[in-house]
file input-v6.txt (compact mmCIF, N, CA and C atoms)
# COMPACT_ATOMS: atom_id res chain seq x y z
N MET A 1 5.95 -0.90 25.03
CA MET A 1 5.75 0.21 24.11
C MET A 1 6.93 0.28 23.15
N PRO A 2 6.68 0.34 21.85
CA PRO A 2 7.78 0.41 20.88
C PRO A 2 8.60 1.69 21.04
N ASP A 3 9.84 1.63 20.62
CA ASP A 3 10.76 2.77 20.63
C ASP A 3 10.24 3.85 19.69
N THR A 4 10.14 5.09 20.17
CA THR A 4 9.59 6.17 19.34
C THR A 4 10.48 6.48 18.14
N GLY A 5 11.80 6.35 18.30
CA GLY A 5 12.70 6.56 17.17
C GLY A 5 12.48 5.53 16.08
N GLN A 6 12.29 4.29 16.51
CA GLN A 6 12.04 3.21 15.54
C GLN A 6 10.68 3.39 14.87
N MET A 7 9.70 3.85 15.63
CA MET A 7 8.37 4.09 15.04
C MET A 7 8.45 5.22 14.00
N ALA A 8 9.21 6.27 14.31
CA ALA A 8 9.35 7.37 13.35
C ALA A 8 10.07 6.89 12.09
N ALA A 9 11.10 6.07 12.25
CA ALA A 9 11.82 5.52 11.10
C ALA A 9 10.90 4.61 10.28
N THR A 10 10.07 3.85 10.95
CA THR A 10 9.12 2.97 10.27
C THR A 10 8.12 3.80 9.47
N PHE A 11 7.60 4.86 10.10
CA PHE A 11 6.67 5.74 9.39
C PHE A 11 7.32 6.31 8.13
N GLU A 12 8.52 6.84 8.27
CA GLU A 12 9.22 7.46 7.13
C GLU A 12 9.45 6.44 6.01
N ARG A 13 9.86 5.24 6.38
CA ARG A 13 10.13 4.20 5.37
C ARG A 13 8.86 3.81 4.64
N LEU A 14 7.76 3.68 5.38
CA LEU A 14 6.48 3.33 4.75
C LEU A 14 5.95 4.49 3.91
N ALA A 15 6.10 5.72 4.37
CA ALA A 15 5.66 6.88 3.59
C ALA A 15 6.44 6.96 2.28
N ASP A 16 7.70 6.53 2.31
CA ASP A 16 8.53 6.54 1.10
C ASP A 16 7.97 5.62 0.01
N VAL A 17 7.18 4.62 0.39
CA VAL A 17 6.58 3.72 -0.61
C VAL A 17 5.70 4.53 -1.56
N PHE A 18 5.05 5.56 -1.05
CA PHE A 18 4.18 6.40 -1.87
C PHE A 18 4.93 7.49 -2.63
N ALA A 19 6.19 7.72 -2.31
CA ALA A 19 6.95 8.84 -2.89
C ALA A 19 6.91 8.89 -4.42
N PRO A 20 7.07 7.77 -5.14
CA PRO A 20 7.06 7.86 -6.61
C PRO A 20 5.72 8.32 -7.21
N TYR A 21 4.66 8.31 -6.38
CA TYR A 21 3.32 8.61 -6.89
C TYR A 21 2.76 9.91 -6.33
N ARG A 22 3.57 10.65 -5.62
CA ARG A 22 3.08 11.88 -5.01
C ARG A 22 2.69 12.92 -6.06
N ALA A 23 3.23 12.83 -7.27
CA ALA A 23 2.86 13.76 -8.33
C ALA A 23 1.46 13.48 -8.88
N VAL A 24 0.97 12.25 -8.74
CA VAL A 24 -0.36 11.91 -9.26
C VAL A 24 -1.40 11.70 -8.16
N LEU A 25 -0.98 11.67 -6.91
CA LEU A 25 -1.91 11.53 -5.79
C LEU A 25 -2.00 12.87 -5.06
N VAL A 26 -3.09 13.05 -4.34
CA VAL A 26 -3.32 14.28 -3.59
C VAL A 26 -3.19 13.97 -2.10
N ALA A 27 -2.27 14.64 -1.44
CA ALA A 27 -2.11 14.47 0.00
C ALA A 27 -3.09 15.39 0.71
N THR A 28 -4.09 14.81 1.35
CA THR A 28 -5.04 15.63 2.10
C THR A 28 -4.55 15.84 3.53
N THR A 29 -3.68 14.97 4.00
CA THR A 29 -2.99 15.13 5.28
C THR A 29 -1.55 14.71 5.05
N ASP A 30 -0.63 15.56 5.45
CA ASP A 30 0.80 15.25 5.32
C ASP A 30 1.52 15.91 6.49
N GLU A 31 1.59 15.18 7.57
CA GLU A 31 2.21 15.68 8.80
C GLU A 31 2.95 14.53 9.47
N PRO A 32 3.81 14.82 10.41
CA PRO A 32 4.53 13.74 11.08
C PRO A 32 3.56 12.72 11.68
N GLY A 33 3.74 11.48 11.28
CA GLY A 33 2.90 10.41 11.80
C GLY A 33 1.59 10.19 11.09
N HIS A 34 1.29 11.00 10.05
CA HIS A 34 0.01 10.82 9.36
C HIS A 34 0.10 11.35 7.92
N LEU A 35 -0.01 10.43 6.99
CA LEU A 35 -0.05 10.76 5.56
C LEU A 35 -1.30 10.12 4.99
N TYR A 36 -2.15 10.92 4.35
CA TYR A 36 -3.40 10.44 3.78
C TYR A 36 -3.44 10.89 2.33
N LEU A 37 -3.62 9.93 1.41
CA LEU A 37 -3.57 10.22 -0.02
C LEU A 37 -4.86 9.83 -0.73
N GLU A 38 -5.28 10.69 -1.63
CA GLU A 38 -6.44 10.43 -2.46
C GLU A 38 -6.04 10.54 -3.93
N THR A 39 -6.88 10.00 -4.79
CA THR A 39 -6.67 10.18 -6.22
C THR A 39 -7.15 11.57 -6.59
N PRO A 40 -6.65 12.12 -7.68
CA PRO A 40 -7.20 13.40 -8.14
C PRO A 40 -8.59 13.17 -8.71
N PRO A 41 -9.34 14.22 -8.91
CA PRO A 41 -10.66 14.07 -9.52
C PRO A 41 -10.57 13.39 -10.89
N SER A 42 -11.57 12.60 -11.21
CA SER A 42 -11.65 11.94 -12.52
C SER A 42 -13.10 11.96 -12.97
N ALA A 43 -13.35 11.53 -14.20
CA ALA A 43 -14.72 11.49 -14.70
C ALA A 43 -15.58 10.55 -13.84
N LYS A 44 -15.00 9.44 -13.40
CA LYS A 44 -15.75 8.47 -12.60
C LYS A 44 -15.89 8.91 -11.15
N HIS A 45 -14.92 9.67 -10.66
CA HIS A 45 -14.93 10.13 -9.27
C HIS A 45 -14.54 11.61 -9.23
N PRO A 46 -15.49 12.50 -9.49
CA PRO A 46 -15.18 13.93 -9.55
C PRO A 46 -14.54 14.50 -8.28
N GLY A 47 -14.77 13.88 -7.16
CA GLY A 47 -14.16 14.35 -5.92
C GLY A 47 -12.90 13.59 -5.54
N GLY A 48 -12.44 12.69 -6.42
CA GLY A 48 -11.32 11.82 -6.08
C GLY A 48 -11.79 10.77 -5.08
N PHE A 49 -10.91 9.87 -4.69
CA PHE A 49 -11.27 8.88 -3.68
C PHE A 49 -10.01 8.40 -2.95
N TYR A 50 -10.22 7.83 -1.82
CA TYR A 50 -9.15 7.37 -0.94
C TYR A 50 -8.27 6.34 -1.64
N PHE A 51 -6.97 6.58 -1.64
CA PHE A 51 -6.01 5.64 -2.22
C PHE A 51 -5.22 4.90 -1.15
N GLY A 52 -4.68 5.62 -0.18
CA GLY A 52 -3.87 4.97 0.85
C GLY A 52 -3.43 5.94 1.92
N ALA A 53 -2.78 5.38 2.94
CA ALA A 53 -2.34 6.21 4.05
C ALA A 53 -1.24 5.49 4.82
N VAL A 54 -0.51 6.27 5.59
CA VAL A 54 0.42 5.75 6.58
C VAL A 54 0.11 6.51 7.86
N LYS A 55 -0.12 5.77 8.94
CA LYS A 55 -0.50 6.41 10.20
C LYS A 55 0.19 5.74 11.36
N SER A 56 0.82 6.54 12.18
CA SER A 56 1.46 6.03 13.39
C SER A 56 0.42 5.91 14.49
N GLY A 57 0.43 4.75 15.14
CA GLY A 57 -0.44 4.52 16.28
C GLY A 57 0.40 4.35 17.53
N LYS A 58 -0.22 3.88 18.59
CA LYS A 58 0.51 3.68 19.85
C LYS A 58 1.49 2.51 19.79
N ARG A 59 1.12 1.45 19.07
CA ARG A 59 1.94 0.24 19.07
C ARG A 59 2.54 -0.13 17.73
N TYR A 60 2.04 0.47 16.66
CA TYR A 60 2.53 0.13 15.33
C TYR A 60 2.23 1.24 14.36
N VAL A 61 2.83 1.13 13.18
CA VAL A 61 2.56 2.06 12.08
C VAL A 61 1.74 1.28 11.05
N SER A 62 0.63 1.83 10.64
CA SER A 62 -0.26 1.18 9.69
C SER A 62 -0.06 1.75 8.30
N PHE A 63 -0.02 0.85 7.33
CA PHE A 63 0.07 1.20 5.91
C PHE A 63 -1.24 0.74 5.28
N HIS A 64 -2.01 1.68 4.76
CA HIS A 64 -3.30 1.37 4.15
C HIS A 64 -3.17 1.51 2.63
N LEU A 65 -3.70 0.52 1.91
CA LEU A 65 -3.62 0.53 0.45
C LEU A 65 -4.98 0.08 -0.10
N MET A 66 -5.81 1.04 -0.44
CA MET A 66 -7.18 0.77 -0.86
C MET A 66 -7.29 -0.09 -2.13
N PRO A 67 -6.38 -0.01 -3.10
CA PRO A 67 -6.52 -0.86 -4.27
C PRO A 67 -6.58 -2.36 -3.96
N VAL A 68 -5.99 -2.81 -2.86
CA VAL A 68 -6.08 -4.24 -2.55
C VAL A 68 -7.45 -4.60 -1.97
N TYR A 69 -8.18 -3.59 -1.51
CA TYR A 69 -9.55 -3.81 -1.06
C TYR A 69 -10.49 -3.90 -2.25
N THR A 70 -10.32 -2.98 -3.19
CA THR A 70 -11.20 -2.96 -4.36
C THR A 70 -10.82 -4.00 -5.41
N ASN A 71 -9.58 -4.47 -5.38
CA ASN A 71 -9.08 -5.49 -6.32
C ASN A 71 -8.34 -6.56 -5.52
N PRO A 72 -9.05 -7.40 -4.78
CA PRO A 72 -8.39 -8.36 -3.89
C PRO A 72 -7.46 -9.34 -4.59
N GLU A 73 -7.61 -9.49 -5.90
CA GLU A 73 -6.71 -10.39 -6.63
C GLU A 73 -5.27 -9.87 -6.62
N LEU A 74 -5.07 -8.59 -6.31
CA LEU A 74 -3.71 -8.07 -6.18
C LEU A 74 -2.96 -8.76 -5.05
N LEU A 75 -3.70 -9.36 -4.13
CA LEU A 75 -3.08 -10.03 -2.98
C LEU A 75 -2.79 -11.51 -3.23
N ASP A 76 -3.12 -12.01 -4.43
CA ASP A 76 -2.95 -13.44 -4.71
C ASP A 76 -1.54 -13.95 -4.46
N ASP A 77 -0.53 -13.16 -4.78
CA ASP A 77 0.85 -13.62 -4.65
C ASP A 77 1.58 -13.01 -3.46
N VAL A 78 0.84 -12.48 -2.51
CA VAL A 78 1.47 -11.86 -1.34
C VAL A 78 2.11 -12.94 -0.47
N SER A 79 3.29 -12.64 0.00
CA SER A 79 4.03 -13.61 0.83
C SER A 79 3.34 -13.81 2.18
N PRO A 80 3.57 -14.96 2.79
CA PRO A 80 3.04 -15.18 4.14
C PRO A 80 3.54 -14.13 5.14
N GLU A 81 4.76 -13.66 4.94
CA GLU A 81 5.32 -12.64 5.84
C GLU A 81 4.52 -11.35 5.79
N LEU A 82 4.15 -10.91 4.60
CA LEU A 82 3.35 -9.69 4.50
C LEU A 82 1.90 -9.96 4.90
N ARG A 83 1.37 -11.10 4.52
CA ARG A 83 -0.01 -11.42 4.87
C ARG A 83 -0.20 -11.47 6.40
N ALA A 84 0.83 -11.90 7.12
CA ALA A 84 0.75 -11.94 8.58
C ALA A 84 0.62 -10.55 9.19
N ARG A 85 1.00 -9.52 8.44
CA ARG A 85 0.91 -8.14 8.92
C ARG A 85 -0.45 -7.51 8.61
N MET A 86 -1.29 -8.23 7.88
CA MET A 86 -2.58 -7.66 7.49
C MET A 86 -3.53 -7.56 8.67
N GLN A 87 -4.18 -6.41 8.71
CA GLN A 87 -5.25 -6.16 9.67
C GLN A 87 -6.43 -5.72 8.82
N GLY A 88 -7.42 -6.53 8.71
CA GLY A 88 -8.54 -6.21 7.82
C GLY A 88 -8.18 -6.55 6.39
N LYS A 89 -8.80 -5.84 5.45
CA LYS A 89 -8.63 -6.17 4.03
C LYS A 89 -7.62 -5.32 3.30
N SER A 90 -7.21 -4.18 3.88
CA SER A 90 -6.30 -3.31 3.14
C SER A 90 -5.27 -2.61 4.03
N CYS A 91 -5.03 -3.14 5.22
CA CYS A 91 -4.13 -2.50 6.17
C CYS A 91 -3.02 -3.48 6.57
N PHE A 92 -1.81 -2.95 6.65
CA PHE A 92 -0.64 -3.74 7.05
C PHE A 92 0.04 -3.01 8.21
N ASN A 93 0.31 -3.71 9.30
CA ASN A 93 0.90 -3.09 10.48
C ASN A 93 2.37 -3.45 10.64
N PHE A 94 3.17 -2.45 11.04
CA PHE A 94 4.61 -2.59 11.20
C PHE A 94 5.05 -1.99 12.53
N THR A 95 6.03 -2.62 13.17
CA THR A 95 6.65 -2.04 14.37
C THR A 95 8.09 -1.64 14.09
N ARG A 96 8.62 -2.07 12.96
CA ARG A 96 9.98 -1.69 12.54
C ARG A 96 10.02 -1.73 11.01
N PRO A 97 10.99 -1.03 10.42
CA PRO A 97 11.04 -0.95 8.94
C PRO A 97 11.71 -2.17 8.30
N ASP A 98 11.01 -3.29 8.29
CA ASP A 98 11.52 -4.52 7.68
C ASP A 98 11.51 -4.41 6.16
N GLU A 99 12.68 -4.55 5.55
CA GLU A 99 12.82 -4.29 4.12
C GLU A 99 12.05 -5.26 3.22
N SER A 100 12.06 -6.54 3.50
CA SER A 100 11.41 -7.49 2.60
C SER A 100 9.91 -7.19 2.41
N PRO A 101 9.14 -7.05 3.49
CA PRO A 101 7.72 -6.73 3.27
C PRO A 101 7.51 -5.32 2.71
N ILE A 102 8.40 -4.39 3.01
CA ILE A 102 8.25 -3.05 2.45
C ILE A 102 8.50 -3.07 0.95
N GLU A 103 9.47 -3.85 0.51
CA GLU A 103 9.69 -3.99 -0.94
C GLU A 103 8.46 -4.60 -1.61
N GLU A 104 7.82 -5.52 -0.92
CA GLU A 104 6.60 -6.14 -1.45
C GLU A 104 5.47 -5.10 -1.51
N LEU A 105 5.39 -4.23 -0.51
CA LEU A 105 4.39 -3.16 -0.54
C LEU A 105 4.63 -2.21 -1.71
N LYS A 106 5.89 -1.98 -2.04
CA LYS A 106 6.20 -1.15 -3.22
C LYS A 106 5.59 -1.76 -4.47
N ARG A 107 5.75 -3.06 -4.63
CA ARG A 107 5.19 -3.74 -5.81
C ARG A 107 3.66 -3.69 -5.81
N LEU A 108 3.05 -3.91 -4.64
CA LEU A 108 1.60 -3.84 -4.54
C LEU A 108 1.08 -2.44 -4.85
N THR A 109 1.78 -1.43 -4.36
CA THR A 109 1.38 -0.05 -4.61
C THR A 109 1.47 0.27 -6.10
N ALA A 110 2.55 -0.15 -6.73
CA ALA A 110 2.71 0.05 -8.18
C ALA A 110 1.59 -0.65 -8.94
N ALA A 111 1.24 -1.86 -8.53
CA ALA A 111 0.15 -2.59 -9.18
C ALA A 111 -1.18 -1.88 -8.96
N GLY A 112 -1.39 -1.32 -7.78
CA GLY A 112 -2.61 -0.58 -7.49
C GLY A 112 -2.72 0.69 -8.32
N ILE A 113 -1.62 1.39 -8.46
CA ILE A 113 -1.60 2.59 -9.30
C ILE A 113 -1.93 2.20 -10.74
N ALA A 114 -1.26 1.18 -11.25
CA ALA A 114 -1.47 0.73 -12.63
C ALA A 114 -2.93 0.32 -12.85
N ARG A 115 -3.50 -0.38 -11.89
CA ARG A 115 -4.90 -0.82 -12.02
C ARG A 115 -5.83 0.39 -12.05
N ASN A 116 -5.63 1.33 -11.16
CA ASN A 116 -6.47 2.53 -11.14
C ASN A 116 -6.33 3.32 -12.43
N GLN A 117 -5.12 3.42 -12.95
CA GLN A 117 -4.92 4.14 -14.21
C GLN A 117 -5.58 3.41 -15.36
N ALA A 118 -5.45 2.10 -15.41
CA ALA A 118 -6.07 1.31 -16.49
C ALA A 118 -7.60 1.42 -16.46
N GLU A 119 -8.14 1.58 -15.25
CA GLU A 119 -9.60 1.69 -15.12
C GLU A 119 -10.08 3.13 -15.27
N GLY A 120 -9.18 4.07 -15.57
CA GLY A 120 -9.54 5.46 -15.76
C GLY A 120 -9.88 6.19 -14.47
N LEU A 121 -9.43 5.65 -13.34
CA LEU A 121 -9.73 6.26 -12.05
C LEU A 121 -8.74 7.34 -11.65
N MET A 122 -7.62 7.39 -12.36
CA MET A 122 -6.62 8.43 -12.11
C MET A 122 -5.77 8.59 -13.36
N PRO A 123 -5.13 9.75 -13.50
CA PRO A 123 -4.35 10.00 -14.72
C PRO A 123 -3.09 9.14 -14.77
N MET A 124 -2.59 8.96 -15.97
CA MET A 124 -1.33 8.24 -16.14
C MET A 124 -0.22 9.13 -15.57
N SER A 125 0.76 8.49 -14.94
CA SER A 125 1.85 9.29 -14.33
C SER A 125 2.86 9.70 -15.35

call {"tool": "encode", "arguments": {"input": "input-v6.txt", "output": "structure tokens"}}
result
Amino acid sequence: MPDTGQMAATFERLADVFAPYRAVLVATTDEPGHLYLETPPSAKHPGGFYFGAVKSGKRYVSFHLMPVYTNPELLDDVSPELRARMQGKSCFNFTRPDESPIEELKRLTAAGIARNQAEGLMPMS
């Protein structure tokens, strides 16, 4: 079983990836161990839609990034290190806050925000 202190630090570090976009995303859940973010309402999606999440589980912390599911080409240049953490099409699992893949998630998140904004799915920040 992973160390709970390390899991909490991992959650916080991964949640920080979304910090620059909290002004344009809507947190529908924001509690210890669970952050769930949606886009604000738009003409194409009046109710908004799922953008990403960070969720602590029993063995790892999951980082979900929906733009890589809807735009898989965003993953074209993903490193083998980050790709090895993928579970499914838009989820990355962590047991500790490794900086290199987290920095890569920052870039992917920024690209996902930019893509959604360019497609009119969310307002410009």

call {"tool": "atom_distance", "arguments": {"input": "input-v6.txt", "atom1": "atom C of Thr28 in chain A", "atom2": "atom C of Leu75 in chain A"}}
result
28.2 Å

call {"tool": "select_by_dssp", "arguments": {"input": "input-v6.txt", "residues": "chain A", "states": "alpha helix (DSSP H)", "output": "VMD selection string"}}
result
chain A and resid 4 to 17 67 to 70 80 to 83 99 to 118

call {"tool": "write_last_selection", "arguments": {"input": "input-v6.txt", "atoms": "N, CA and C atoms", "output": "CSV table (one decimal), keeping the file's coordinate frame"}}
result
chain,number,residue,atom,x,y,z
A,4,THR,N,10.1,5.1,20.2
A,4,THR,CA,9.6,6.2,19.3
A,4,THR,C,10.5,6.5,18.1
A,5,GLY,N,11.8,6.4,18.3
A,5,GLY,CA,12.7,6.6,17.2
A,5,GLY,C,12.5,5.5,16.1
A,6,GLN,N,12.3,4.3,16.5
A,6,GLN,CA,12.0,3.2,15.5
A,6,GLN,C,10.7,3.4,14.9
A,7,MET,N,9.7,3.8,15.6
A,7,MET,CA,8.4,4.1,15.0
A,7,MET,C,8.4,5.2,14.0
A,8,ALA,N,9.2,6.3,14.3
A,8,ALA,CA,9.4,7.4,13.4
A,8,ALA,C,10.1,6.9,12.1
A,9,ALA,N,11.1,6.1,12.2
A,9,ALA,CA,11.8,5.5,11.1
A,9,ALA,C,10.9,4.6,10.3
A,10,THR,N,10.1,3.8,11.0
A,10,THR,CA,9.1,3.0,10.3
A,10,THR,C,8.1,3.8,9.5
A,11,PHE,N,7.6,4.9,10.1
A,11,PHE,CA,6.7,5.7,9.4
A,11,PHE,C,7.3,6.3,8.1
A,12,GLU,N,8.5,6.8,8.3
A,12,GLU,CA,9.2,7.5,7.1
A,12,GLU,C,9.4,6.4,6.0
A,13,ARG,N,9.9,5.2,6.4
A,13,ARG,CA,10.1,4.2,5.4
A,13,ARG,C,8.9,3.8,4.6
A,14,LEU,N,7.8,3.7,5.4
A,14,LEU,CA,6.5,3.3,4.8
A,14,LEU,C,6.0,4.5,3.9
A,15,ALA,N,6.1,5.7,4.4
A,15,ALA,CA,5.7,6.9,3.6
A,15,ALA,C,6.4,7.0,2.3
A,16,ASP,N,7.7,6.5,2.3
A,16,ASP,CA,8.5,6.5,1.1
A,16,ASP,C,8.0,5.6,0.0
A,17,VAL,N,7.2,4.6,0.4
A,17,VAL,CA,6.6,3.7,-0.6
A,17,VAL,C,5.7,4.5,-1.6
A,67,PRO,N,-6.4,0.0,-3.1
A,67,PRO,CA,-6.5,-0.9,-4.3
A,67,PRO,C,-6.6,-2.4,-4.0
A,68,VAL,N,-6.0,-2.8,-2.9
A,68,VAL,CA,-6.1,-4.2,-2.6
A,68,VAL,C,-7.4,-4.6,-2.0
A,69,TYR,N,-8.2,-3.6,-1.5
A,69,TYR,CA,-9.6,-3.8,-1.1
A,69,TYR,C,-10.5,-3.9,-2.2
A,70,THR,N,-10.3,-3.0,-3.2
A,70,THR,CA,-11.2,-3.0,-4.4
A,70,THR,C,-10.8,-4.0,-5.4
A,80,PRO,N,3.6,-15.0,2.8
A,80,PRO,CA,3.0,-15.2,4.1
A,80,PRO,C,3.5,-14.1,5.1
A,81,GLU,N,4.8,-13.7,4.9
A,81,GLU,CA,5.3,-12.6,5.8
A,81,GLU,C,4.5,-11.4,5.8
A,82,LEU,N,4.2,-10.9,4.6
A,82,LEU,CA,3.4,-9.7,4.5
A,82,LEU,C,1.9,-10.0,4.9
A,83,ARG,N,1.4,-11.1,4.5
A,83,ARG,CA,0.0,-11.4,4.9
A,83,ARG,C,-0.2,-11.5,6.4
A,99,GLU,N,12.7,-4.6,5.6
A,99,GLU,CA,12.8,-4.3,4.1
A,99,GLU,C,12.0,-5.3,3.2
A,100,SER,N,12.1,-6.5,3.5
A,100,SER,CA,11.4,-7.5,2.6
A,100,SER,C,9.9,-7.2,2.4
A,101,PRO,N,9.1,-7.0,3.5
A,101,PRO,CA,7.7,-6.7,3.3
A,101,PRO,C,7.5,-5.3,2.7
A,102,ILE,N,8.4,-4.4,3.0
A,102,ILE,CA,8.2,-3.0,2.4
A,102,ILE,C,8.5,-3.1,1.0
A,103,GLU,N,9.5,-3.8,0.5
A,103,GLU,CA,9.7,-4.0,-0.9
A,103,GLU,C,8.5,-4.6,-1.6
A,104,GLU,N,7.8,-5.5,-0.9
A,104,GLU,CA,6.6,-6.1,-1.4
A,104,GLU,C,5.5,-5.1,-1.5
A,105,LEU,N,5.4,-4.2,-0.5
A,105,LEU,CA,4.4,-3.2,-0.5
A,105,LEU,C,4.6,-2.2,-1.7
A,106,LYS,N,5.9,-2.0,-2.0
A,106,LYS,CA,6.2,-1.2,-3.2
A,106,LYS,C,5.6,-1.8,-4.5
A,107,ARG,N,5.8,-3.1,-4.6
A,107,ARG,CA,5.2,-3.7,-5.8
A,107,ARG,C,3.7,-3.7,-5.8
A,108,LEU,N,3.0,-3.9,-4.6
A,108,LEU,CA,1.6,-3.8,-4.5
A,108,LEU,C,1.1,-2.4,-4.8
A,109,THR,N,1.8,-1.4,-4.4
A,109,THR,CA,1.4,0.0,-4.6
A,109,THR,C,1.5,0.3,-6.1
A,110,ALA,N,2.6,-0.2,-6.7
A,110,ALA,CA,2.7,0.0,-8.2
A,110,ALA,C,1.6,-0.6,-8.9
A,111,ALA,N,1.2,-1.9,-8.5
A,111,ALA,CA,0.2,-2.6,-9.2
A,111,ALA,C,-1.2,-1.9,-9.0
A,112,GLY,N,-1.4,-1.3,-7.8
A,112,GLY,CA,-2.6,-0.6,-7.5
A,112,GLY,C,-2.7,0.7,-8.3
A,113,ILE,N,-1.6,1.4,-8.5
A,113,ILE,CA,-1.6,2.6,-9.3
A,113,ILE,C,-1.9,2.2,-10.7
A,114,ALA,N,-1.3,1.2,-11.2
A,114,ALA,CA,-1.5,0.7,-12.6
A,114,ALA,C,-2.9,0.3,-12.8
A,115,ARG,N,-3.5,-0.4,-11.9
A,115,ARG,CA,-4.9,-0.8,-12.0
A,115,ARG,C,-5.8,0.4,-12.0
A,116,ASN,N,-5.6,1.3,-11.2
A,116,ASN,CA,-6.5,2.5,-11.1
A,116,ASN,C,-6.3,3.3,-12.4
A,117,GLN,N,-5.1,3.4,-13.0
A,117,GLN,CA,-4.9,4.1,-14.2
A,117,GLN,C,-5.6,3.4,-15.4
A,118,ALA,N,-5.4,2.1,-15.4
A,118,ALA,CA,-6.1,1.3,-16.5
A,118,ALA,C,-7.6,1.4,-16.5

call {"tool": "atom_distance", "arguments": {"input": "input-v6.txt", "atom1": "atom N of Ile113 in chain A", "atom2": "atom C of Cys91 in chain A"}}
result
15.9 Å

call {"tool": "residues_around", "arguments": {"input": "input-v6.txt", "residues": "Val61 in chain A", "least_positions_apart": "4", "cutoff": "12 Å", "atoms": "only C-alpha atoms", "output": "PyMOL selection string"}}
result
chain A and resi 2-4+6-15+32-35+53-57+85-87+91-98

call {"tool": "write_last_selection", "arguments": {"input": "input-v6.txt", "atoms": "N, CA and C atoms", "output": "tab-separated table (two decimals), in the coordinates of the input"}}
result
chain	number	residue	atom	x	y	z
A	2	PRO	N	6.68	0.34	21.85
A	2	PRO	CA	7.78	0.41	20.88
A	2	PRO	C	8.60	1.69	21.04
A	3	ASP	N	9.84	1.63	20.62
A	3	ASP	CA	10.76	2.77	20.63
A	3	ASP	C	10.24	3.85	19.69
A	4	THR	N	10.14	5.09	20.17
A	4	THR	CA	9.59	6.17	19.34
A	4	THR	C	10.48	6.48	18.14
A	6	GLN	N	12.29	4.29	16.51
A	6	GLN	CA	12.04	3.21	15.54
A	6	GLN	C	10.68	3.39	14.87
A	7	MET	N	9.70	3.85	15.63
A	7	MET	CA	8.37	4.09	15.04
A	7	MET	C	8.45	5.22	14.00
A	8	ALA	N	9.21	6.27	14.31
A	8	ALA	CA	9.35	7.37	13.35
A	8	ALA	C	10.07	6.89	12.09
A	9	ALA	N	11.10	6.07	12.25
A	9	ALA	CA	11.82	5.52	11.10
A	9	ALA	C	10.90	4.61	10.28
A	10	THR	N	10.07	3.85	10.95
A	10	THR	CA	9.12	2.97	10.27
A	10	THR	C	8.12	3.80	9.47
A	11	PHE	N	7.60	4.86	10.10
A	11	PHE	CA	6.67	5.74	9.39
A	11	PHE	C	7.32	6.31	8.13
A	12	GLU	N	8.52	6.84	8.27
A	12	GLU	CA	9.22	7.46	7.13
A	12	GLU	C	9.45	6.44	6.01
A	13	ARG	N	9.86	5.24	6.38
A	13	ARG	CA	10.13	4.20	5.37
A	13	ARG	C	8.86	3.81	4.64
A	14	LEU	N	7.76	3.68	5.38
A	14	LEU	CA	6.48	3.33	4.75
A	14	LEU	C	5.95	4.49	3.91
A	15	ALA	N	6.10	5.72	4.37
A	15	ALA	CA	5.66	6.88	3.59
A	15	ALA	C	6.44	6.96	2.28
A	32	PRO	N	3.81	14.82	10.41
A	32	PRO	CA	4.53	13.74	11.08
A	32	PRO	C	3.56	12.72	11.68
A	33	GLY	N	3.74	11.48	11.28
A	33	GLY	CA	2.90	10.41	11.80
A	33	GLY	C	1.59	10.19	11.09
A	34	HIS	N	1.29	11.00	10.05
A	34	HIS	CA	0.01	10.82	9.36
A	34	HIS	C	0.10	11.35	7.92
A	35	LEU	N	-0.01	10.43	6.99
A	35	LEU	CA	-0.05	10.76	5.56
A	35	LEU	C	-1.30	10.12	4.99
A	53	ALA	N	-2.78	5.38	2.94
A	53	ALA	CA	-2.34	6.21	4.05
A	53	ALA	C	-1.24	5.49	4.82
A	54	VAL	N	-0.51	6.27	5.59
A	54	VAL	CA	0.42	5.75	6.58
A	54	VAL	C	0.11	6.51	7.86
A	55	LYS	N	-0.12	5.77	8.94
A	55	LYS	CA	-0.50	6.41	10.20
A	55	LYS	C	0.19	5.74	11.36
A	56	SER	N	0.82	6.54	12.18
A	56	SER	CA	1.46	6.03	13.39
A	56	SER	C	0.42	5.91	14.49
A	57	GLY	N	0.43	4.75	15.14
A	57	GLY	CA	-0.44	4.52	16.28
A	57	GLY	C	0.40	4.35	17.53
A	85	ARG	N	1.00	-9.52	8.44
A	85	ARG	CA	0.91	-8.14	8.92
A	85	ARG	C	-0.45	-7.51	8.61
A	86	MET	N	-1.29	-8.23	7.88
A	86	MET	CA	-2.58	-7.66	7.49
A	86	MET	C	-3.53	-7.56	8.67
A	87	GLN	N	-4.18	-6.41	8.71
A	87	GLN	CA	-5.25	-6.16	9.67
A	87	GLN	C	-6.43	-5.72	8.82
A	91	CYS	N	-5.03	-3.14	5.22
A	91	CYS	CA	-4.13	-2.50	6.17
A	91	CYS	C	-3.02	-3.48	6.57
A	92	PHE	N	-1.81	-2.95	6.65
A	92	PHE	CA	-0.64	-3.74	7.05
A	92	PHE	C	0.04	-3.01	8.21
A	93	ASN	N	0.31	-3.71	9.30
A	93	ASN	CA	0.90	-3.09	10.48
A	93	ASN	C	2.37	-3.45	10.64
A	94	PHE	N	3.17	-2.45	11.04
A	94	PHE	CA	4.61	-2.59	11.20
A	94	PHE	C	5.05	-1.99	12.53
A	95	THR	N	6.03	-2.62	13.17
A	95	THR	CA	6.65	-2.04	14.37
A	95	THR	C	8.09	-1.64	14.09
A	96	ARG	N	8.62	-2.07	12.96
A	96	ARG	CA	9.98	-1.69	12.54
A	96	ARG	C	10.02	-1.73	11.01
A	97	PRO	N	10.99	-1.03	10.42
A	97	PRO	CA	11.04	-0.95	8.94
A	97	PRO	C	11.71	-2.17	8.30
A	98	ASP	N	11.01	-3.29	8.29
A	98	ASP	CA	11.52	-4.52	7.68
A	98	ASP	C	11.51	-4.41	6.16

call {"tool": "residues_near_point", "arguments": {"input": "input-v6.txt", "point": "(4.0, 8.6, -2.2)", "cutoff": "10 Å", "atoms": "only C-alpha atoms", "output": "number ranges by chain"}}
result
A: 14-27, 35-37, 52-54, 109

call {"tool": "select_by_dssp", "arguments": {"input": "input-v6.txt", "residues": "range 55-102 of chain A", "states": "strand (DSSP E or B)", "output": "ChimeraX atom specification"}}
result
/A:55-56,61-65,86-87,91-94
